[in-house]
>>> print(open('final.pdb').read())   # PDB, C-alpha atoms and all ligand atoms
ATOM      1  CA  MET A   1      81.254  63.689  84.750  1.00  0.00           C
ATOM      2  CA  VAL A   2      81.505  67.264  83.553  1.00  0.00           C
ATOM      3  CA  ARG A   3      84.894  68.686  82.682  1.00  0.00           C
ATOM      4  CA  GLN A   4      85.754  72.180  83.805  1.00  0.00           C
ATOM      5  CA  ARG A   5      87.105  73.360  80.493  1.00  0.00           C
ATOM      6  CA  CYS A   6      86.249  73.513  76.825  1.00  0.00           C
ATOM      7  CA  ALA A   7      88.619  71.473  74.616  1.00  0.00           C
ATOM      8  CA  PHE A   8      89.812  74.705  72.931  1.00  0.00           C
ATOM      9  CA  CYS A   9      89.732  77.391  75.614  1.00  0.00           C
ATOM     10  CA  THR A  10      89.285  77.953  79.337  1.00  0.00           C
ATOM     11  CA  GLU A  11      85.522  78.498  79.206  1.00  0.00           C
ATOM     12  CA  HIS A  12      83.121  76.145  80.950  1.00  0.00           C
ATOM     13  CA  PRO A  13      81.811  73.555  78.468  1.00  0.00           C
ATOM     14  CA  ILE A  14      78.088  73.322  77.757  1.00  0.00           C
ATOM     15  CA  GLU A  15      77.981  70.192  75.645  1.00  0.00           C
ATOM     16  CA  GLU A  16      79.892  67.020  74.815  1.00  0.00           C
ATOM     17  CA  ALA A  17      79.906  66.783  71.050  1.00  0.00           C
ATOM     18  CA  ALA A  18      80.938  64.221  68.442  1.00  0.00           C
ATOM     19  CA  VAL A  19      83.613  66.033  66.442  1.00  0.00           C
ATOM     20  CA  LEU A  20      85.330  64.972  63.233  1.00  0.00           C
ATOM     21  CA  ARG A  21      88.888  66.328  63.044  1.00  0.00           C
ATOM     22  CA  TRP A  22      90.587  65.954  59.697  1.00  0.00           C
ATOM     23  CA  ILE A  23      93.455  66.978  57.504  1.00  0.00           C
ATOM     24  CA  GLY A  24      93.460  65.527  54.008  1.00  0.00           C
ATOM     25  CA  GLU A  25      92.473  61.834  54.261  1.00  0.00           C
ATOM     26  CA  ASP A  26      93.525  61.608  57.920  1.00  0.00           C
ATOM     27  CA  ARG A  27      90.330  61.506  59.986  1.00  0.00           C
ATOM     28  CA  GLU A  28      89.872  61.353  63.747  1.00  0.00           C
ATOM     29  CA  ARG A  29      86.518  60.797  65.435  1.00  0.00           C
ATOM     30  CA  LEU A  30      86.530  62.517  68.811  1.00  0.00           C
ATOM     31  CA  THR A  31      84.167  63.302  71.630  1.00  0.00           C
ATOM     32  CA  LEU A  32      84.968  66.786  72.911  1.00  0.00           C
ATOM     33  CA  TRP A  33      83.518  69.075  75.557  1.00  0.00           C
ATOM     34  CA  LEU A  34      82.824  72.451  73.960  1.00  0.00           C
ATOM     35  CA  CYS A  35      81.885  75.879  75.245  1.00  0.00           C
ATOM     36  CA  ASP A  36      79.047  77.837  73.693  1.00  0.00           C
ATOM     37  CA  ARG A  37      81.427  79.870  71.517  1.00  0.00           C
ATOM     38  CA  HIS A  38      83.353  76.935  70.053  1.00  0.00           C
ATOM     39  CA  LEU A  39      80.207  74.851  69.574  1.00  0.00           C
ATOM     40  CA  ARG A  40      78.625  77.694  67.589  1.00  0.00           C
ATOM     41  CA  ARG A  41      81.831  78.274  65.659  1.00  0.00           C
ATOM     42  CA  MET A  42      81.863  74.665  64.433  1.00  0.00           C
ATOM     43  CA  GLN A  43      78.157  74.691  63.730  1.00  0.00           C
ATOM     44  CA  ARG A  44      78.582  77.858  61.626  1.00  0.00           C
ATOM     45  CA  ALA A  45      81.521  76.400  59.693  1.00  0.00           C
ATOM     46  CA  GLY A  46      79.414  73.371  58.779  1.00  0.00           C
ATOM     47  CA  ARG A  47      80.863  70.928  56.258  1.00  0.00           C
ATOM     48  CA  ASP A  48      83.810  73.208  55.407  1.00  0.00           C
ATOM     49  CA  GLY A  49      85.033  72.758  58.951  1.00  0.00           C
ATOM     50  CA  TRP A  50      86.515  75.118  61.498  1.00  0.00           C
ATOM     51  CA  GLU A  51      90.325  75.355  61.261  1.00  0.00           C
ATOM     52  CA  HIS A  52      92.389  75.085  64.443  1.00  0.00           C
ATOM     53  CA  LYS A  53      96.143  74.372  64.544  1.00  0.00           C
ATOM     54  CA  GLY A  54      96.157  73.270  60.915  1.00  0.00           C
ATOM     55  CA  LYS A  55      93.289  70.803  61.260  1.00  0.00           C
ATOM     56  CA  LEU A  56      89.623  71.105  60.370  1.00  0.00           C
ATOM     57  CA  HIS A  57      86.802  70.325  62.782  1.00  0.00           C
ATOM     58  CA  LYS A  58      83.099  69.786  62.359  1.00  0.00           C
ATOM     59  CA  ILE A  59      80.200  68.551  64.417  1.00  0.00           C
ATOM     60  CA  GLY A  60      79.291  64.945  63.690  1.00  0.00           C
ATOM     61  CA  TRP A  61      81.339  61.908  62.650  1.00  0.00           C
ATOM     62  CA  TRP A  62      79.872  61.457  59.169  1.00  0.00           C
TER      63      TRP A  62
HETATM   64 ZN    ZN A 101      85.820  77.092  73.900  1.00  0.00          ZN
END
>>> encode(input="final.pdb", output="structure tokens")
Amino acid sequence: MVRQRCAFCTEHPIEEAAVLRWIGEDRERLTLWLCDRHLRRMQRAGRDGWEHKGKLHKIGWW
């Protein structure tokens, strides 16, 4: 099933991605639908993570 919206904006998602969301030692392993823009944003941020609402996000659960 394809969701109509990206997890972070109103754009149509292109991919369901494994995303690690963390703040300090608090880690969440999520599966989020992402649009092209947000997917690229996280890919660009790499291991440093992309910050959104005080939490960091990166592609992959490791
Ligand atoms: Zn988006």
>>> resolve_selection(input="final.pdb", expression="the PyMOL selection byres (((not hetatm)) within 9 of (chain A and resi 101))", output="count of residues only")
16
>>> residues_around(input="final.pdb", residues="segment 23-30 of chain A", least_positions_apart="3", cutoff="9 Å", atoms="all atoms listed in the file", output="ChimeraX atom specification")
/A:17-20,54-56,60-61
>>> atom_distance(input="final.pdb", atom1="atom CA of Gly46 of chain A", atom2="atom CA of Lys58 of chain A")
6.3 Å
>>> residues_around(input="final.pdb", residues="Met42 of chain A", least_positions_apart="5", cutoff="7 Å", atoms="all atoms listed in the file", output="PyMOL selection string")
chain A and resi 49-50+57-59
>>> axis_aligned_box(input="final.pdb", around="segment 15-31 of chain A", padding_each_side="5 Å", output="JSON")
{"center_x": 85.8, "center_y": 65.5, "center_z": 64.8, "size_x": 25.5, "size_y": 19.4, "size_z": 31.6}
>>> closest_residue(input="final.pdb", among="A:Arg41, A:Arg21, A:Gln4, A:Ile14", to="Trp62 of chain A", atoms="only C-alpha atoms")
A:Arg21
